[in-house]
Amino acid sequence: MHTQTTPLRWYGDSSPGTDPAGIYQSLADLDRPAFVVRTPTGIGAVSGGRATPGEGFPLLAAAGPLPPRALGSPAFLAAHGVRYAYMAGAMAGGIASADLVIALAREGFLASYGAAGLLPGTIEKALTRFAAEIPGLPYAVNLIHSPSEERLEREAVELFLRYGVRCVEASAFMSLSPHVVRYRLAGLRRGPAGEVVAAHRLIAKISRPETAERFMRPAPAALVSALHSQGLITAEQADLAKYVPMADDITVEGDSGGHTDRRPLTALLPTILRLRDSVQHDHRYPTPIRVGAAGGLGCPSSVAAAFTMGAAYVVTGSVNQSCVESGASKPTKELLADAGIADCEMAPAADMFEMGVELQVLKKGTLFPMRAKRLYELYKTYDGLEALPDSERARLETQIIRRPLEDVWQECVGYFGRRDPEQLARAAENPKRRMALVFRWYLGMASRWSTVGDPDRVLDYQVWCGPAMGAFNDWVTASYLKAPGNRRVADVAHHLMRGAAFHTRLAHLRVSGVRIPASAADYRPAPLEPQTESEGTR
């Protein structure tokens with residue numbers, strides 16, 4: 001028996017807009033349903049009202065309300081106590097500053113403090129600020145894997161435990177270290193109903209499936225046993241370790257700034273999601289691991305795409321570096337605000353120089369990538385500073401390092417004598433190791449010159465940056481966010497999430513067969529109204 005369906009019509013108090021501005025305004029009203037209707041003057045859009053079989057304008061398509069807080073995983077929001085499935089990832093050297101973390105926490109976003117490369121005293125000052133200025137609000141602190149400076153990794157974890165840091169973002173790990181395992185397990189306990197409670201949340205940033213799997217599974221038994229025997233975890237915590245994964249959240253990092261394998265996010269994210277499902281099948285965790293996306297997320301359509309692919313949350317990095325609250329200098333922010341999507345290049349990383357590990361940096365406006373690569377070529381070719389040809393040594397001392405190499409070595413002696421004396425012991429009888437420390441001096445100072453804005457070393461600025469920065473600059477070209485002085489980190493976060501919701505609804509309408517005019521189909525950031533405390537915090 002065939003039943004004829006009565007065509008639906010739209011009915012409401014407002015009038016549909018048929019010009020691009022009216023259509024855009026209706027689609028951007030994310031808290032109310034959007035309807036596309038046929039009017040006597042053409043196709044139009046309107047927000048609010050209802051679909052009815054009665055009188056009104058013929059209904060062509062509809063999309064439900066989609067406020068930004070509806071994107072991503074509700075479990076992520078609940079676990080971290082935030083309003084949005086959005087995180088500002090750590091940028092080393094305090095570029096992801098305490099000011100940046102505090103500003104986002106107050107607006108209901110999670111942010112990770114860029115503790116990597118900082119001395120314990122500097123990290124401690126930031127933790128003291130968090131306790132005083134955002135008590136009870138969520139934040140994370142970065143723990144970067146430091147195979148060449150193991151002491152820093154250990155001291156950072158000791159600080160986190162002493163100050164009760166409840167969330168750590170682990171990055172650049174190729175294998176699990178005792179320190180990251182200690183942090184995770186030291187927060188384990190039994191809950192009232194006998195369930196395992198992990199008080200220390202861990203977000204692992206990865207770009208390879210094998211690394212992801214290490215964080216998805218429980219801590220290795222050998223490391224657990226060693227930590228217990230050293231008295232760093234209790235017997236109960238050692239026993240509970242086998243019931244929980246190392247990480248609560250796995251951030252899949254695609255083509256990002258800084259340490260990156262430059263994997264396409266569209267290929268990497270589905271692979272890690274399938275891996276998560278396989279590991280979940282093996283372990284049956286009561287709370288499945290959440291998988292987020294990072295790398296290349298510089299405009300709303302990219303963020304929307306990440307959520308559409310199944311990301312539980314999104315993580316931004318490069319775009320935050322150009323914001324007012326970041327620890328980058330004003331000259332560096334101006335360089336970043338002028339970057340295009342092709343203005344990045346790979347260069348040797350200071351922390352893993354000898355291993356040949358590279359990171360992605362800005363190449364427009366700086367000679368750092370070229371100069372850093374030359375240093376690594378010399379390191380591979382010669383057995384020590386003494387083996388350098390006179391011409392190469394002269395070029396280093398006049399054009400790149402711009403100081404006598406022996407002076408730099410003496411500065412390294414003073415630096416590592418305070419920070420990590422073991423480095424000097426390893427270099428004492430190893431000329432090649434000594435050369436590596438001198439070259440690492442340049443790489444480390446290049447990031448510092450950029451951070452402080454040294455006007456004499458502009459061409460040596462090391463600025464960690466990915467193509468997302470260019471995408472962001474292109475998107476905000478005609479808006480108030482074009483000027484670095486207007487880029488407040490919370491504004492950027494709100495607009496990326498609002499824009500992602502806008503583009504997600506737009507995609508739904510397109511699938512329904514509706515063609516939206518190009519002039520009404522791109523989210524445009526406008527200055528935000530101040531939010532009340534209840535709107536901005538959870």
# chains A, B, ... in the order shown; residues from 1 in each chain; ligands from 1

$ residues_around --residues "Thr332 in chain A" --least-positions-apart "2" --cutoff "9 Å" --atoms "only C-alpha atoms" --output "PyMOL selection string"
chain A and resi 321-322+328-330+334-337+450-453+458+461+463

$ residues_around --residues "Gln423 in chain A" --least-positions-apart "5" --cutoff "9 Å" --atoms "only C-alpha atoms" --output "PyMOL selection string"
chain A and resi 148-149+416-417+428+433+437

$ select_by_dssp --residues "range 50-166 of chain A" --states "strand (DSSP E or B)" --output "list in words"
Arg50, Ala51, Thr52, Phe57, Pro58, Leu59, Leu60, Ala61, Ala62, Ala63, Tyr86, Met87, Ala88, Leu110, Ala111, Ser112, Tyr113, Ala140, Val141, Asn142, Leu143 and Ile144 of chain A

$ closest_residue --among "A:Leu59, A:Lys432, A:Asp261, A:Arg50" --to "Pro7 in chain A" --atoms "only C-alpha atoms"
A:Leu59

$ select_by_dssp --residues "range 455-520 of chain A" --states "helix (DSSP H, G or I)" --output "JSON, numbers by chain"
{"A": [455, 456, 457, 458, 459, 460, 468, 469, 470, 471, 472, 473, 474, 475, 480, 481, 482, 484, 485, 486, 489, 490, 491, 492, 493, 494, 495, 496, 497, 498, 499, 500, 501, 502, 503, 504, 505, 506, 507, 508, 509, 510, 511, 518, 519, 520]}

$ write_last_selection --atoms "N, CA and C atoms" --output "compact mmCIF listing (two decimals), in the first residue's frame"
# COMPACT_ATOMS: atom_id res chain seq x y z
N PRO A 455 66.90 41.91 18.34
CA PRO A 455 66.92 42.56 17.02
C PRO A 455 68.19 42.27 16.23
N ASP A 456 69.26 41.84 16.91
CA ASP A 456 70.53 41.57 16.23
C ASP A 456 70.58 40.17 15.61
N ARG A 457 69.61 39.31 15.97
CA ARG A 457 69.65 37.93 15.48
C ARG A 457 68.36 37.53 14.76
N VAL A 458 67.72 38.49 14.12
CA VAL A 458 66.45 38.21 13.44
C VAL A 458 66.59 37.10 12.41
N LEU A 459 67.69 37.10 11.68
CA LEU A 459 67.87 36.09 10.63
C LEU A 459 68.18 34.71 11.20
N ASP A 460 68.37 34.62 12.52
CA ASP A 460 68.61 33.33 13.16
C ASP A 460 67.41 32.87 13.98
N ALA A 468 49.32 25.24 9.33
CA ALA A 468 48.08 25.78 9.91
C ALA A 468 48.16 27.29 10.07
N MET A 469 49.37 27.81 10.32
CA MET A 469 49.53 29.25 10.50
C MET A 469 49.15 29.99 9.23
N GLY A 470 49.59 29.47 8.08
CA GLY A 470 49.23 30.10 6.82
C GLY A 470 47.75 30.01 6.54
N ALA A 471 47.14 28.87 6.86
CA ALA A 471 45.70 28.72 6.66
C ALA A 471 44.92 29.70 7.52
N PHE A 472 45.38 29.88 8.76
CA PHE A 472 44.72 30.84 9.66
C PHE A 472 44.84 32.25 9.11
N ASN A 473 46.05 32.64 8.70
CA ASN A 473 46.24 33.99 8.17
C ASN A 473 45.37 34.25 6.95
N ASP A 474 45.25 33.26 6.09
CA ASP A 474 44.41 33.41 4.90
C ASP A 474 42.95 33.59 5.29
N TRP A 475 42.50 32.82 6.29
CA TRP A 475 41.10 32.88 6.71
C TRP A 475 40.75 34.24 7.32
N TYR A 480 39.03 41.35 11.88
CA TYR A 480 39.76 42.03 12.94
C TYR A 480 40.93 41.20 13.47
N LEU A 481 40.94 39.90 13.19
CA LEU A 481 42.01 39.02 13.66
C LEU A 481 43.26 39.07 12.78
N LYS A 482 43.24 39.85 11.73
CA LYS A 482 44.43 39.95 10.87
C LYS A 482 45.60 40.55 11.65
N PRO A 484 48.08 41.08 14.63
CA PRO A 484 48.48 40.28 15.78
C PRO A 484 48.01 40.85 17.11
N GLY A 485 47.91 42.16 17.20
CA GLY A 485 47.46 42.79 18.44
C GLY A 485 46.03 42.49 18.80
N ASN A 486 45.23 42.01 17.84
CA ASN A 486 43.83 41.67 18.10
C ASN A 486 43.63 40.17 18.35
N VAL A 489 43.84 34.67 22.49
CA VAL A 489 43.80 33.22 22.31
C VAL A 489 42.39 32.65 22.51
N ALA A 490 41.60 33.25 23.41
CA ALA A 490 40.24 32.77 23.61
C ALA A 490 39.35 33.13 22.43
N ASP A 491 39.57 34.29 21.82
CA ASP A 491 38.82 34.66 20.62
C ASP A 491 39.09 33.65 19.50
N VAL A 492 40.37 33.33 19.31
CA VAL A 492 40.73 32.37 18.27
C VAL A 492 40.03 31.03 18.52
N ALA A 493 40.06 30.57 19.76
CA ALA A 493 39.43 29.29 20.10
C ALA A 493 37.93 29.33 19.84
N HIS A 494 37.27 30.39 20.31
CA HIS A 494 35.82 30.50 20.11
C HIS A 494 35.48 30.52 18.62
N HIS A 495 36.21 31.29 17.84
CA HIS A 495 35.88 31.41 16.42
C HIS A 495 36.16 30.11 15.66
N LEU A 496 37.23 29.43 16.01
CA LEU A 496 37.49 28.15 15.34
C LEU A 496 36.38 27.15 15.64
N MET A 497 35.90 27.13 16.87
CA MET A 497 34.84 26.18 17.21
C MET A 497 33.49 26.61 16.64
N ARG A 498 33.19 27.89 16.69
CA ARG A 498 31.94 28.37 16.09
C ARG A 498 31.96 28.14 14.58
N GLY A 499 33.10 28.44 13.98
CA GLY A 499 33.22 28.22 12.54
C GLY A 499 33.12 26.75 12.18
N ALA A 500 33.67 25.87 13.02
CA ALA A 500 33.58 24.43 12.76
C ALA A 500 32.13 23.97 12.82
N ALA A 501 31.37 24.49 13.79
CA ALA A 501 29.95 24.15 13.87
C ALA A 501 29.21 24.67 12.64
N PHE A 502 29.53 25.88 12.22
CA PHE A 502 28.91 26.47 11.03
C PHE A 502 29.16 25.59 9.81
N HIS A 503 30.40 25.19 9.59
CA HIS A 503 30.73 24.41 8.41
C HIS A 503 30.17 22.99 8.49
N THR A 504 30.01 22.48 9.69
CA THR A 504 29.40 21.15 9.84
C THR A 504 27.93 21.20 9.43
N ARG A 505 27.22 22.24 9.85
CA ARG A 505 25.81 22.39 9.43
C ARG A 505 25.72 22.64 7.93
N LEU A 506 26.67 23.39 7.40
CA LEU A 506 26.67 23.66 5.97
C LEU A 506 26.83 22.36 5.18
N ALA A 507 27.71 21.49 5.67
CA ALA A 507 27.92 20.20 5.00
C ALA A 507 26.64 19.37 5.02
N HIS A 508 25.91 19.43 6.13
CA HIS A 508 24.65 18.70 6.22
C HIS A 508 23.66 19.19 5.17
N LEU A 509 23.58 20.49 4.99
CA LEU A 509 22.65 21.05 4.00
C LEU A 509 23.09 20.70 2.59
N ARG A 510 24.39 20.69 2.35
CA ARG A 510 24.87 20.34 1.02
C ARG A 510 24.53 18.89 0.67
N VAL A 511 24.68 18.01 1.66
CA VAL A 511 24.33 16.60 1.44
C VAL A 511 22.85 16.47 1.12
N ALA A 518 28.56 31.04 -2.46
CA ALA A 518 29.91 31.08 -1.90
C ALA A 518 30.10 32.22 -0.92
N SER A 519 29.46 33.35 -1.19
CA SER A 519 29.61 34.51 -0.31
C SER A 519 28.93 34.32 1.04
N ALA A 520 28.10 33.28 1.18
CA ALA A 520 27.43 33.01 2.45
C ALA A 520 27.93 31.71 3.08

$ residues_around --residues "Ala126 in chain A" --least-positions-apart "3" --cutoff "9 Å" --atoms "only C-alpha atoms" --output "list in words"
Ser97, Ala98, Tyr113, Gly121, Thr122, Ile123, Arg129, Phe130 and Ala131 of chain A

$ atom_distance --atom1 "CA of Ser177 in chain A" --atom2 "CA of Leu223 in chain A"
8.3 Å

$ residues_around --residues "range 190-198 of chain A" --least-positions-apart "3" --cutoff "8 Å" --atoms "only C-alpha atoms" --output "PDB file with C-alpha atoms, in the first residue's frame"
ATOM      1  CA  ARG A 184      50.534   8.109  35.557  1.00  0.00           C
ATOM      2  CA  LEU A 185      50.716   5.363  38.180  1.00  0.00           C
ATOM      3  CA  GLY A 187      47.665   8.801  40.758  1.00  0.00           C
ATOM      4  CA  ARG A 201      45.190  12.271  33.526  1.00  0.00           C
ATOM      5  CA  LEU A 240      46.305  -1.425  39.651  1.00  0.00           C
ATOM      6  CA  TYR A 243      43.883  -2.267  34.625  1.00  0.00           C
ATOM      7  CA  VAL A 244      44.375   1.159  33.055  1.00  0.00           C
TER       8      VAL A 244
END

$ closest_atom_pairs --of "range 43-158 of chain A" --to "range 205-217 of chain A" --cutoff "12 Å" --atoms "only C-alpha atoms" --output "JSON lines"
{"residue": "A:Met87", "atom": "CA", "partner": "A:Lys205", "partner_atom": "CA", "distance": 11.9}
{"residue": "A:Gly89", "atom": "CA", "partner": "A:Lys205", "partner_atom": "CA", "distance": 9.2}
{"residue": "A:Ala90", "atom": "CA", "partner": "A:Lys205", "partner_atom": "CA", "distance": 10.2}
{"residue": "A:Ser112", "atom": "CA", "partner": "A:Lys205", "partner_atom": "CA", "distance": 11.7}
{"residue": "A:Asn142", "atom": "CA", "partner": "A:Lys205", "partner_atom": "CA", "distance": 10.1}
{"residue": "A:Leu143", "atom": "CA", "partner": "A:Lys205", "partner_atom": "CA", "distance": 10.4}
{"residue": "A:Ile144", "atom": "CA", "partner": "A:Lys205", "partner_atom": "CA", "distance": 9.9}
{"residue": "A:His145", "atom": "CA", "partner": "A:Lys205", "partner_atom": "CA", "distance": 11.1}

$ residues_around --residues "Gly258 in chain A" --least-positions-apart "6" --cutoff "7 Å" --atoms "only C-alpha atoms" --output "number ranges by chain"
A: 359-361, 464-465

$ closest_residue --among "A:Pro431, A:Tyr86, A:Lys125, A:Leu66" --to "Thr316 in chain A" --atoms "only C-alpha atoms"
A:Tyr86

$ residues_around --residues "Ala238 in chain A" --least-positions-apart "6" --cutoff "12 Å" --atoms "only C-alpha atoms" --output "JSON, numbers by chain"
{"A": [181, 182, 184, 185, 186, 187, 188, 189, 218, 219, 220, 221, 222, 223, 224, 225, 226, 227, 228, 229, 230, 231, 232, 244]}

$ closest_residue --among "A:Asp255, A:Val357, A:Leu77, A:Ala304" --to "Ala172 in chain A" --atoms "only C-alpha atoms"
A:Val357

$ residues_around --residues "Met309 in chain A" --least-positions-apart "3" --cutoff "12 Å" --atoms "only C-alpha atoms" --output "VMD selection string"
chain A and resid 71 to 72 265 to 274 291 to 293 302 to 306 312 to 314 504

$ atom_distance --atom1 "CA of His259 in chain A" --atom2 "CA of Glu345 in chain A"
11.8 Å

$ closest_residue --among "A:Asp351, A:Gly12, A:Val46, A:Ala387" --to "Ser26 in chain A" --atoms "only C-alpha atoms"
A:Val46

$ atom_distance --atom1 "CA of Pro67 in chain A" --atom2 "CA of Arg290 in chain A"
21.2 Å

$ closest_residue --among "A:Ala241, A:Asp99, A:Thr128, A:Phe353" --to "Glu325 in chain A" --atoms "only C-alpha atoms"
A:Asp99
